[in-house]
>>> print(open('start.csv').read())   # CSV, C-alpha atoms
chain,number,residue,atom,x,y,z
P,1,MET,CA,94.5,-242.8,-56.2
P,2,PRO,CA,94.4,-239.0,-56.4
P,3,GLN,CA,91.1,-237.4,-57.5
P,4,THR,CA,90.9,-235.7,-60.9
P,5,PRO,CA,88.6,-232.9,-62.0
P,6,ALA,CA,86.4,-235.6,-63.5
P,7,THR,CA,86.1,-237.6,-60.4
P,8,ARG,CA,86.1,-235.0,-57.6
P,9,PRO,CA,82.7,-234.7,-55.9
P,10,LEU,CA,80.7,-231.5,-56.5
P,11,ALA,CA,79.1,-229.5,-53.7
P,12,VAL,CA,76.3,-227.0,-54.5
P,13,VAL,CA,75.9,-224.2,-51.9
P,14,THR,CA,73.2,-221.7,-52.2
P,15,GLY,CA,73.5,-218.3,-50.4
P,16,ALA,CA,77.2,-218.8,-50.8
P,17,SER,CA,78.3,-215.2,-51.0
P,18,ALA,CA,78.2,-214.5,-47.2
P,19,GLY,CA,77.6,-216.0,-43.8
P,20,LEU,CA,77.1,-219.7,-43.3
P,21,GLY,CA,77.0,-220.3,-47.1
P,22,ARG,CA,80.4,-218.7,-47.5
P,23,GLU,CA,81.7,-220.8,-44.6
P,24,PHE,CA,80.2,-224.0,-46.1
P,25,ALA,CA,82.0,-223.2,-49.4
P,26,ALA,CA,85.4,-222.7,-47.6
P,27,GLN,CA,85.2,-225.8,-45.5
P,28,LEU,CA,84.0,-228.0,-48.4
P,29,ALA,CA,86.8,-226.7,-50.6
P,30,ALA,CA,89.2,-227.6,-47.9
P,31,ARG,CA,87.7,-231.1,-47.9
P,32,GLY,CA,88.4,-231.5,-51.6
P,33,TYR,CA,85.0,-230.7,-53.1
P,34,ASP,CA,84.6,-228.8,-56.4
P,35,LEU,CA,82.0,-226.1,-55.9
P,36,LEU,CA,79.0,-224.6,-57.6
P,37,LEU,CA,78.4,-221.4,-55.7
P,38,VAL,CA,74.9,-219.8,-55.9
P,39,ALA,CA,73.8,-216.4,-54.8
P,40,ARG,CA,72.4,-213.1,-56.2
P,41,ASP,CA,75.7,-211.2,-56.0
P,42,GLY,CA,77.7,-212.5,-59.0
P,43,ALA,CA,80.7,-210.3,-58.4
P,44,ARG,CA,81.1,-211.5,-54.8
P,45,LEU,CA,80.7,-215.1,-55.9
P,46,ARG,CA,83.4,-214.8,-58.6
P,47,THR,CA,85.8,-213.4,-56.1
P,48,LEU,CA,85.1,-216.2,-53.6
P,49,ALA,CA,85.3,-218.8,-56.3
P,50,ASP,CA,88.6,-217.6,-57.5
P,51,GLU,CA,90.0,-217.4,-54.0
P,52,LEU,CA,88.9,-220.9,-53.0
P,53,ALA,CA,90.1,-222.5,-56.3
P,54,ALA,CA,93.5,-220.9,-55.9
P,55,ARG,CA,93.9,-221.9,-52.2
P,56,HIS,CA,92.7,-225.5,-52.4
P,57,GLY,CA,93.3,-226.5,-56.0
P,58,ILE,CA,89.7,-227.3,-56.7
P,59,ALA,CA,87.3,-226.0,-59.4
P,60,ALA,CA,84.7,-223.4,-58.2
P,61,GLU,CA,82.0,-222.0,-60.5
P,62,PRO,CA,79.9,-219.0,-59.6
P,63,TRP,CA,76.2,-219.1,-60.5
P,64,ALA,CA,74.3,-215.8,-60.0
P,65,ALA,CA,70.6,-216.3,-59.4
P,66,ASP,CA,67.7,-215.1,-57.3
P,67,LEU,CA,66.2,-218.3,-56.0
P,68,ALA,CA,63.1,-216.5,-54.8
P,69,SER,CA,62.0,-216.4,-58.4
P,70,GLU,CA,61.0,-218.9,-61.0
P,71,ALA,CA,63.5,-217.5,-63.4
P,72,GLY,CA,66.3,-218.1,-60.8
P,73,VAL,CA,65.3,-221.6,-59.7
P,74,THR,CA,64.4,-223.4,-62.9
P,75,PRO,CA,67.7,-223.1,-64.8
P,76,LEU,CA,69.6,-224.2,-61.7
P,77,ALA,CA,67.3,-227.2,-61.1
P,78,THR,CA,67.8,-228.2,-64.7
P,79,ARG,CA,71.6,-227.9,-64.4
P,80,LEU,CA,71.6,-230.0,-61.3
P,81,ALA,CA,69.4,-232.7,-62.7
P,82,ASP,CA,71.9,-233.1,-65.5
P,83,GLU,CA,75.0,-233.0,-63.3
P,84,PRO,CA,76.1,-236.5,-62.2
P,85,ARG,CA,78.9,-235.3,-59.9
P,86,VAL,CA,76.6,-233.6,-57.4
P,87,ALA,CA,77.6,-235.2,-54.1
P,88,MET,CA,76.3,-232.5,-51.7
P,89,LEU,CA,73.6,-229.9,-51.9
P,90,VAL,CA,73.5,-227.2,-49.2
P,91,ASN,CA,70.2,-225.3,-49.2
P,92,ASN,CA,71.4,-222.3,-47.3
P,93,ALA,CA,69.9,-219.2,-49.1
P,94,GLY,CA,67.6,-217.3,-46.9
P,95,PHE,CA,66.7,-214.1,-45.1
P,96,GLY,CA,64.9,-212.7,-42.1
P,97,THR,CA,62.7,-209.7,-41.6
P,98,LYS,CA,61.7,-207.5,-38.6
P,99,GLY,CA,58.2,-206.3,-37.9
P,100,ARG,CA,54.6,-207.7,-37.6
P,101,LEU,CA,53.2,-209.5,-40.5
P,102,VAL,CA,50.5,-206.9,-41.0
P,103,THR,CA,53.1,-204.2,-41.6
P,104,ARG,CA,55.4,-206.2,-43.9
P,105,PRO,CA,55.1,-206.0,-47.7
P,106,GLU,CA,53.3,-209.1,-49.2
P,107,ALA,CA,55.9,-209.5,-51.9
P,108,GLU,CA,58.7,-209.7,-49.4
P,109,GLN,CA,56.9,-212.5,-47.5
P,110,ARG,CA,56.0,-214.4,-50.6
P,111,ALA,CA,59.7,-214.2,-51.6
P,112,MET,CA,60.6,-215.7,-48.2
P,113,LEU,CA,58.3,-218.7,-48.8
P,114,GLU,CA,59.7,-219.2,-52.3
P,115,LEU,CA,63.3,-219.1,-51.0
P,116,HIS,CA,62.9,-221.1,-47.9
P,117,VAL,CA,60.3,-223.7,-49.1
P,118,MET,CA,60.0,-224.0,-52.8
P,119,ALA,CA,63.7,-223.6,-53.7
P,120,PRO,CA,65.0,-226.2,-51.3
P,121,MET,CA,62.3,-228.7,-52.4
P,122,ARG,CA,62.9,-228.1,-56.1
P,123,LEU,CA,66.7,-228.4,-55.9
P,124,ALA,CA,66.5,-231.5,-53.7
P,125,HIS,CA,64.1,-233.0,-56.2
P,126,ALA,CA,66.5,-232.2,-59.0
P,127,VAL,CA,69.5,-233.9,-57.4
P,128,LEU,CA,67.8,-236.9,-55.7
P,129,PRO,CA,67.5,-239.2,-58.8
P,130,GLY,CA,71.2,-239.0,-59.4
P,131,MET,CA,72.1,-239.5,-55.8
P,132,VAL,CA,69.9,-242.5,-55.4
P,133,ALA,CA,71.1,-244.0,-58.6
P,134,GLN,CA,74.7,-243.7,-57.4
P,135,LYS,CA,73.9,-244.7,-53.8
P,136,ARG,CA,75.6,-241.7,-52.3
P,137,GLY,CA,75.0,-238.0,-51.6
P,138,VAL,CA,74.2,-235.5,-48.9
P,139,ILE,CA,71.4,-232.9,-48.7
P,140,ILE,CA,71.6,-230.3,-46.0
P,141,ASN,CA,68.8,-227.8,-45.4
P,142,VAL,CA,69.9,-224.9,-43.2
P,143,ALA,CA,66.9,-224.5,-40.9
P,144,SER,CA,67.1,-222.9,-37.5
P,145,VAL,CA,66.4,-223.3,-33.8
P,146,ALA,CA,63.5,-221.0,-34.7
P,147,SER,CA,62.0,-224.0,-36.4
P,148,PHE,CA,61.1,-225.4,-32.9
P,149,THR,CA,59.2,-222.3,-31.8
P,150,ALA,CA,57.2,-219.2,-32.9
P,151,SER,CA,57.5,-215.6,-32.1
P,152,PRO,CA,56.0,-212.2,-33.0
P,153,GLY,CA,57.9,-210.4,-35.7
P,154,ASN,CA,59.1,-213.8,-37.0
P,155,VAL,CA,56.0,-215.4,-38.3
P,156,ASN,CA,57.0,-216.7,-41.7
P,157,TYR,CA,60.6,-217.2,-40.8
P,158,CYS,CA,59.7,-219.7,-38.0
P,159,ALA,CA,57.1,-221.4,-40.2
P,160,THR,CA,59.4,-221.8,-43.2
P,161,LYS,CA,62.3,-223.0,-41.1
P,162,ALA,CA,59.9,-225.6,-39.6
P,163,TYR,CA,59.1,-226.8,-43.1
P,164,GLU,CA,62.8,-227.2,-43.9
P,165,ARG,CA,63.4,-229.3,-40.8
P,166,VAL,CA,60.3,-231.5,-41.2
P,167,MET,CA,61.0,-232.0,-44.9
P,168,CYS,CA,64.4,-233.4,-43.9
P,169,GLU,CA,63.0,-235.6,-41.2
P,170,ALA,CA,60.4,-237.1,-43.6
P,171,LEU,CA,62.8,-237.3,-46.5
P,172,ALA,CA,65.4,-239.2,-44.4
P,173,MET,CA,62.8,-241.8,-43.7
P,174,GLU,CA,62.0,-242.2,-47.4
P,175,LEU,CA,65.7,-242.5,-48.3
P,176,ALA,CA,66.7,-245.0,-45.6
P,177,GLY,CA,69.0,-247.7,-47.1
P,178,THR,CA,69.7,-245.7,-50.3
P,179,GLY,CA,73.1,-244.3,-49.2
P,180,VAL,CA,71.8,-240.7,-49.4
P,181,THR,CA,72.1,-238.6,-46.2
P,182,VAL,CA,69.7,-235.8,-45.3
P,183,GLN,CA,70.3,-233.2,-42.6
P,184,ALA,CA,68.4,-230.3,-41.1
P,185,LEU,CA,71.0,-228.0,-39.6
P,186,CYS,CA,69.4,-225.9,-36.9
P,187,PRO,CA,71.8,-223.3,-35.6
P,188,GLY,CA,71.0,-220.7,-33.0
P,189,PHE,CA,72.3,-217.1,-33.1
P,190,THR,CA,75.4,-217.1,-35.3
P,191,HIS,CA,77.8,-214.3,-36.1
P,192,THR,CA,77.1,-213.6,-39.8
P,193,GLU,CA,75.6,-210.7,-41.9
P,194,PHE,CA,72.1,-212.2,-41.4
P,195,HIS,CA,70.9,-209.9,-38.6
P,196,GLY,CA,72.3,-206.8,-40.1
P,197,ARG,CA,70.5,-207.3,-43.4
P,198,ALA,CA,67.3,-207.7,-41.5
P,199,ASN,CA,67.9,-204.5,-39.5
P,200,ILE,CA,68.0,-206.4,-36.2
P,201,ASP,CA,70.1,-205.0,-33.4
P,202,LYS,CA,72.3,-208.0,-32.2
P,203,THR,CA,72.8,-206.3,-28.8
P,204,VAL,CA,69.1,-206.0,-27.9
P,205,GLY,CA,67.6,-209.0,-26.0
P,206,ILE,CA,70.3,-211.5,-27.1
P,207,PRO,CA,72.9,-212.3,-24.4
P,208,ALA,CA,76.5,-212.7,-25.5
P,209,TRP,CA,76.7,-216.4,-24.5
P,210,ALA,CA,74.0,-217.1,-27.1
P,211,TRP,CA,76.2,-216.3,-30.1
P,212,MET,CA,78.2,-218.9,-32.0
P,213,ASP,CA,80.8,-218.6,-34.7
P,214,ALA,CA,80.0,-219.7,-38.3
P,215,ASP,CA,83.0,-221.9,-38.6
P,216,ARG,CA,81.9,-224.0,-35.6
P,217,VAL,CA,78.4,-224.3,-36.9
P,218,VAL,CA,79.5,-225.5,-40.3
P,219,ARG,CA,82.2,-227.8,-38.9
P,220,GLU,CA,79.6,-229.6,-36.7
P,221,SER,CA,77.2,-229.9,-39.6
P,222,LEU,CA,79.8,-231.4,-42.0
P,223,ASP,CA,81.3,-233.7,-39.4
P,224,ALA,CA,77.8,-235.1,-38.6
P,225,ALA,CA,76.9,-235.5,-42.3
P,226,HIS,CA,80.1,-237.3,-43.2
P,227,ALA,CA,79.8,-239.6,-40.1
P,228,GLY,CA,76.2,-240.6,-40.7
P,229,GLY,CA,75.1,-238.4,-37.8
P,230,PRO,CA,71.5,-237.5,-36.8
P,231,VAL,CA,69.0,-236.0,-39.3
P,232,VAL,CA,68.5,-232.9,-37.0
P,233,VAL,CA,71.8,-231.3,-36.1
P,234,ILE,CA,71.7,-228.5,-33.4
P,235,PRO,CA,75.2,-227.1,-32.9
P,236,GLY,CA,76.2,-226.4,-29.3
P,237,LYS,CA,75.1,-228.1,-26.1
P,238,ARG,CA,73.4,-225.0,-24.9
P,239,TYR,CA,71.1,-224.9,-27.9
P,240,GLN,CA,70.5,-228.6,-27.6
P,241,ALA,CA,69.3,-228.0,-24.1
P,242,ILE,CA,67.1,-225.1,-25.2
P,243,VAL,CA,65.4,-227.1,-27.8
P,244,LEU,CA,64.8,-229.9,-25.3
P,245,ALA,CA,63.3,-227.4,-22.9
P,246,LEU,CA,61.1,-225.9,-25.6
P,247,ARG,CA,59.7,-229.3,-26.4
P,248,TYR,CA,58.7,-230.1,-22.8
P,249,MET,CA,58.0,-226.8,-21.0
P,250,PRO,CA,54.4,-225.8,-20.3
P,251,GLN,CA,52.7,-223.9,-23.2
P,252,TRP,CA,52.2,-220.8,-21.1
P,253,VAL,CA,55.9,-220.5,-20.2
P,254,ARG,CA,56.9,-221.0,-23.8
P,255,ARG,CA,54.4,-218.4,-24.9
P,256,ALA,CA,55.7,-215.9,-22.4
P,257,LEU,CA,59.3,-216.4,-23.5
P,258,GLN,CA,58.3,-216.1,-27.2
P,259,GLN,CA,56.5,-212.9,-26.5
P,260,ARG,CA,59.5,-211.5,-24.7
P,261,TYR,CA,61.9,-212.4,-27.5
P,262,GLY,CA,59.5,-211.1,-30.1
P,263,LYS,CA,59.5,-207.5,-28.7
P,264,ALA,CA,63.0,-206.9,-30.2
P,265,ARG,CA,61.6,-207.8,-33.6
P,266,THR,CA,58.3,-206.0,-33.6
>>> encode(input="start.csv", output="structure tokens")
Amino acid sequence: MPQTPATRPLAVVTGASAGLGREFAAQLAARGYDLLLVARDGARLRTLADELAARHGIAAEPWAADLASEAGVTPLATRLADEPRVAMLVNNAGFGTKGRLVTRPEAEQRAMLELHVMAPMRLAHAVLPGMVAQKRGVIINVASVASFTASPGNVNYCATKAYERVMCEALAMELAGTGVTVQALCPGFTHTEFHGRANIDKTVGIPAWAWMDADRVVRESLDAAHAGGPVVVIPGKRYQAIVLALRYMPQWVRRALQQRYGKART
């Protein structure tokens, strides 16, 4: 039986105006999801929503909000708690910075913690009762390979991405048997606007082989989520090998590598 607007699943994507969020929106629309697209740039969201709705015959709603603020998160969390069609939540909104913590503005770093830690927790908390009641749903936190390490110039980014990954691992244990899937997506270097916005030169200290395309990262994430794949998804065999090495290499070797990578960010 064909799906109708009342029965189509709804996917919520934060940070949807660019990068991985935009790619998640496009691939979810192609898979038949209606969309609630969240980001600060309302004009960009409207353009994307109209484009995806016309191309795929789905409904796409833009929701302009700054999720680093209480005023941005609370109305969205309230909306999601009252929306029974939410079948997928992609907590993708985030940003990086460059420079040592001592030189960065405190307000900027607080915003990072609000966006990477509090917003994903609050939005997941809002959708979980409905998902558990209906015995279906997917929550994806876009973490990072950086969640497995630490580096100068990346202090709170690594720490907050580690929170997102560990949150998913623990939440998946709590939700075992409920029908709700949780995933921590941990990509490595990916071609998006992310590094440009953080004023990071992509050509310094990062070899060409390390870069992945956003469409592949998102495709591997969604394929794993829909197939009941692992909680932690690391796209690309090279990054899977890197994470395995990070977990078992001697601490002094790991620290030397972290210091070397951190030079480009400090």
>>> atom_distance(input="start.csv", atom1="atom CA of Gly177 of chain P", atom2="atom CA of Val117 of chain P")
25.6 Å
>>> closest_residue(input="start.csv", among="P:Leu244, P:Ala184, P:Met173, P:Val12", to="Ala126 of chain P", atoms="all atoms listed in the file")
P:Val12
>>> atom_distance(input="start.csv", atom1="atom CA of Ala49 of chain P", atom2="atom CA of Ser144 of chain P")
26.5 Å
>>> residues_near_point(input="start.csv", point="(85.1, -216.6, -49.3)", cutoff="12 Å", atoms="all atoms listed in the file", output="number ranges by chain")
P: 15-30, 35, 37, 43-55, 60, 62
>>> closest_residue(input="start.csv", among="P:Phe95, P:Phe189, P:Tyr163, P:Tyr33", to="Trp211 of chain P", atoms="all atoms listed in the file")
P:Phe189
>>> closest_atom_pairs(input="start.csv", of="segment 99-178 of chain P", to="segment 215-234 of chain P", cutoff="12 Å", atoms="all atoms listed in the file", output="Markdown table")
| residue | atom | partner | partner_atom | distance |
| --- | --- | --- | --- | --- |
| P:Arg136 | CA | P:His226 | CA | 11.1 |
| P:Gly137 | CA | P:Ala225 | CA | 9.8 |
| P:Val138 | CA | P:Ala225 | CA | 7.1 |
| P:Ile139 | CA | P:Ala225 | CA | 8.8 |
| P:Ile140 | CA | P:Ala225 | CA | 8.3 |
| P:Asn141 | CA | P:Val232 | CA | 9.8 |
| P:Val142 | CA | P:Ser221 | CA | 9.6 |
| P:Ala143 | CA | P:Val232 | CA | 9.4 |
| P:Ser144 | CA | P:Ile234 | CA | 8.3 |
| P:Val145 | CA | P:Ile234 | CA | 7.4 |
| P:Ala146 | CA | P:Ile234 | CA | 11.2 |
| P:Ser147 | CA | P:Val232 | CA | 11.0 |
| P:Phe148 | CA | P:Ile234 | CA | 11.1 |
| P:Ala162 | CA | P:Val232 | CA | 11.6 |
| P:Glu164 | CA | P:Val232 | CA | 10.6 |
| P:Arg165 | CA | P:Val232 | CA | 7.3 |
| P:Val166 | CA | P:Val232 | CA | 9.3 |
| P:Met167 | CA | P:Val231 | CA | 10.6 |
| P:Cys168 | CA | P:Val231 | CA | 7.0 |
| P:Glu169 | CA | P:Val231 | CA | 6.3 |
| P:Ala170 | CA | P:Val231 | CA | 9.7 |
| P:Leu171 | CA | P:Val231 | CA | 9.6 |
| P:Ala172 | CA | P:Val231 | CA | 7.0 |
| P:Met173 | CA | P:Val231 | CA | 9.6 |
| P:Leu175 | CA | P:Val231 | CA | 11.6 |
| P:Ala176 | CA | P:Val231 | CA | 11.2 |
| P:Gly177 | CA | P:Gly228 | CA | 12.0 |
>>> write_last_selection(input="start.csv", atoms="C-alpha atoms", output="compact mmCIF listing (two decimals), in the frame of the given file")
# COMPACT_ATOMS: atom_id res chain seq x y z
CA ARG P 136 75.60 -241.70 -52.30
CA GLY P 137 75.00 -238.00 -51.60
CA VAL P 138 74.20 -235.50 -48.90
CA ILE P 139 71.40 -232.90 -48.70
CA ILE P 140 71.60 -230.30 -46.00
CA ASN P 141 68.80 -227.80 -45.40
CA VAL P 142 69.90 -224.90 -43.20
CA ALA P 143 66.90 -224.50 -40.90
CA SER P 144 67.10 -222.90 -37.50
CA VAL P 145 66.40 -223.30 -33.80
CA ALA P 146 63.50 -221.00 -34.70
CA SER P 147 62.00 -224.00 -36.40
CA PHE P 148 61.10 -225.40 -32.90
CA ALA P 162 59.90 -225.60 -39.60
CA GLU P 164 62.80 -227.20 -43.90
CA ARG P 165 63.40 -229.30 -40.80
CA VAL P 166 60.30 -231.50 -41.20
CA MET P 167 61.00 -232.00 -44.90
CA CYS P 168 64.40 -233.40 -43.90
CA GLU P 169 63.00 -235.60 -41.20
CA ALA P 170 60.40 -237.10 -43.60
CA LEU P 171 62.80 -237.30 -46.50
CA ALA P 172 65.40 -239.20 -44.40
CA MET P 173 62.80 -241.80 -43.70
CA LEU P 175 65.70 -242.50 -48.30
CA ALA P 176 66.70 -245.00 -45.60
CA GLY P 177 69.00 -247.70 -47.10
>>> residues_around(input="start.csv", residues="segment 73-77 of chain P", least_positions_apart="2", cutoff="10 Å", atoms="only C-alpha atoms", output="short mmCIF file (atom, residue, chain, number, x, y, z; two decimals) with C-alpha atoms, in the frame of the given file")
data_model
loop_
_atom_site.label_atom_id
_atom_site.label_comp_id
_atom_site.auth_asym_id
_atom_site.auth_seq_id
_atom_site.Cartn_x
_atom_site.Cartn_y
_atom_site.Cartn_z
CA VAL P 38 74.90 -219.80 -55.90
CA TRP P 63 76.20 -219.10 -60.50
CA ALA P 64 74.30 -215.80 -60.00
CA ALA P 65 70.60 -216.30 -59.40
CA ASP P 66 67.70 -215.10 -57.30
CA LEU P 67 66.20 -218.30 -56.00
CA ALA P 68 63.10 -216.50 -54.80
CA SER P 69 62.00 -216.40 -58.40
CA GLU P 70 61.00 -218.90 -61.00
CA ALA P 71 63.50 -217.50 -63.40
CA ARG P 79 71.60 -227.90 -64.40
CA LEU P 80 71.60 -230.00 -61.30
CA ALA P 81 69.40 -232.70 -62.70
CA ASP P 82 71.90 -233.10 -65.50
CA GLU P 83 75.00 -233.00 -63.30
CA GLU P 114 59.70 -219.20 -52.30
CA LEU P 115 63.30 -219.10 -51.00
CA MET P 118 60.00 -224.00 -52.80
CA ALA P 119 63.70 -223.60 -53.70
CA PRO P 120 65.00 -226.20 -51.30
CA ARG P 122 62.90 -228.10 -56.10
CA LEU P 123 66.70 -228.40 -55.90
CA ALA P 124 66.50 -231.50 -53.70
CA HIS P 125 64.10 -233.00 -56.20
CA ALA P 126 66.50 -232.20 -59.00
CA VAL P 127 69.50 -233.90 -57.40
#
>>> atom_distance(input="start.csv", atom1="atom CA of Ile58 of chain P", atom2="atom CA of Arg31 of chain P")
9.8 Å
>>> closest_residue(input="start.csv", among="P:Ala133, P:Leu185, P:Ala59, P:Met112", to="Val90 of chain P", atoms="all atoms listed in the file")
P:Leu185
>>> closest_residue(input="start.csv", among="P:Gln134, P:Thr181, P:Thr97, P:Gly188", to="Asn156 of chain P", atoms="all atoms listed in the file")
P:Thr97
>>> closest_residue(input="start.csv", among="P:Cys186, P:Thr178, P:Ala150, P:Tyr157", to="Gln251 of chain P", atoms="all atoms listed in the file")
P:Ala150
>>> build_atoms(input="start.csv", residues="segment 208-229 of chain P", atoms="N, CA and C atoms", output="PDB file, in the frame of the given file")
ATOM      1  N   ALA P 208      75.293-212.346 -24.760  1.00  0.00           N
ATOM      2  CA  ALA P 208      76.500-212.700 -25.500  1.00  0.00           C
ATOM      3  C   ALA P 208      76.793-214.153 -25.553  1.00  0.00           C
ATOM      4  N   TRP P 209      76.384-214.916 -24.503  1.00  0.00           N
ATOM      5  CA  TRP P 209      76.700-216.400 -24.500  1.00  0.00           C
ATOM      6  C   TRP P 209      75.896-217.095 -25.598  1.00  0.00           C
ATOM      7  N   ALA P 210      74.846-216.457 -26.132  1.00  0.00           N
ATOM      8  CA  ALA P 210      74.000-217.100 -27.100  1.00  0.00           C
ATOM      9  C   ALA P 210      74.607-217.200 -28.502  1.00  0.00           C
ATOM     10  N   TRP P 211      75.646-216.410 -28.741  1.00  0.00           N
ATOM     11  CA  TRP P 211      76.200-216.300 -30.100  1.00  0.00           C
ATOM     12  C   TRP P 211      77.246-217.400 -30.353  1.00  0.00           C
ATOM     13  N   MET P 212      77.186-217.960 -31.563  1.00  0.00           N
ATOM     14  CA  MET P 212      78.200-218.900 -32.000  1.00  0.00           C
ATOM     15  C   MET P 212      78.876-218.413 -33.249  1.00  0.00           C
ATOM     16  N   ASP P 213      80.057-218.952 -33.533  1.00  0.00           N
ATOM     17  CA  ASP P 213      80.800-218.600 -34.700  1.00  0.00           C
ATOM     18  C   ASP P 213      80.408-219.495 -35.890  1.00  0.00           C
ATOM     19  N   ALA P 214      80.406-218.934 -37.086  1.00  0.00           N
ATOM     20  CA  ALA P 214      80.000-219.700 -38.300  1.00  0.00           C
ATOM     21  C   ALA P 214      80.840-220.894 -38.538  1.00  0.00           C
ATOM     22  N   ASP P 215      82.151-220.781 -38.277  1.00  0.00           N
ATOM     23  CA  ASP P 215      83.000-221.900 -38.600  1.00  0.00           C
ATOM     24  C   ASP P 215      82.670-223.132 -37.745  1.00  0.00           C
ATOM     25  N   ARG P 216      82.316-222.910 -36.473  1.00  0.00           N
ATOM     26  CA  ARG P 216      81.900-224.000 -35.600  1.00  0.00           C
ATOM     27  C   ARG P 216      80.627-224.664 -36.083  1.00  0.00           C
ATOM     28  N   VAL P 217      79.655-223.826 -36.424  1.00  0.00           N
ATOM     29  CA  VAL P 217      78.400-224.300 -36.900  1.00  0.00           C
ATOM     30  C   VAL P 217      78.522-225.229 -38.097  1.00  0.00           C
ATOM     31  N   VAL P 218      79.287-224.758 -39.068  1.00  0.00           N
ATOM     32  CA  VAL P 218      79.500-225.500 -40.300  1.00  0.00           C
ATOM     33  C   VAL P 218      80.300-226.772 -40.061  1.00  0.00           C
ATOM     34  N   ARG P 219      81.321-226.664 -39.237  1.00  0.00           N
ATOM     35  CA  ARG P 219      82.200-227.800 -38.900  1.00  0.00           C
ATOM     36  C   ARG P 219      81.327-228.950 -38.286  1.00  0.00           C
ATOM     37  N   GLU P 220      80.476-228.588 -37.338  1.00  0.00           N
ATOM     38  CA  GLU P 220      79.600-229.600 -36.700  1.00  0.00           C
ATOM     39  C   GLU P 220      78.656-230.209 -37.694  1.00  0.00           C
ATOM     40  N   SER P 221      78.138-229.395 -38.595  1.00  0.00           N
ATOM     41  CA  SER P 221      77.200-229.900 -39.600  1.00  0.00           C
ATOM     42  C   SER P 221      77.911-230.909 -40.534  1.00  0.00           C
ATOM     43  N   LEU P 222      79.065-230.544 -41.082  1.00  0.00           N
ATOM     44  CA  LEU P 222      79.800-231.400 -42.000  1.00  0.00           C
ATOM     45  C   LEU P 222      80.303-232.662 -41.351  1.00  0.00           C
ATOM     46  N   ASP P 223      80.814-232.524 -40.136  1.00  0.00           N
ATOM     47  CA  ASP P 223      81.300-233.700 -39.400  1.00  0.00           C
ATOM     48  C   ASP P 223      80.162-234.702 -39.217  1.00  0.00           C
ATOM     49  N   ALA P 224      78.988-234.199 -38.840  1.00  0.00           N
ATOM     50  CA  ALA P 224      77.800-235.100 -38.600  1.00  0.00           C
ATOM     51  C   ALA P 224      77.393-235.724 -39.941  1.00  0.00           C
ATOM     52  N   ALA P 225      77.363-234.936 -41.011  1.00  0.00           N
ATOM     53  CA  ALA P 225      76.900-235.500 -42.300  1.00  0.00           C
ATOM     54  C   ALA P 225      77.846-236.561 -42.806  1.00  0.00           C
ATOM     55  N   HIS P 226      79.147-236.365 -42.664  1.00  0.00           N
ATOM     56  CA  HIS P 226      80.100-237.300 -43.200  1.00  0.00           C
ATOM     57  C   HIS P 226      80.231-238.561 -42.255  1.00  0.00           C
ATOM     58  N   ALA P 227      79.760-238.431 -41.022  1.00  0.00           N
ATOM     59  CA  ALA P 227      79.800-239.600 -40.100  1.00  0.00           C
ATOM     60  C   ALA P 227      78.521-240.290 -39.938  1.00  0.00           C
ATOM     61  N   GLY P 228      77.559-239.965 -40.775  1.00  0.00           N
ATOM     62  CA  GLY P 228      76.200-240.600 -40.700  1.00  0.00           C
ATOM     63  C   GLY P 228      75.523-240.197 -39.390  1.00  0.00           C
ATOM     64  N   GLY P 229      75.660-238.926 -39.008  1.00  0.00           N
ATOM     65  CA  GLY P 229      75.100-238.400 -37.800  1.00  0.00           C
ATOM     66  C   GLY P 229      73.568-238.266 -37.858  1.00  0.00           C
TER      67      GLY P 229
END
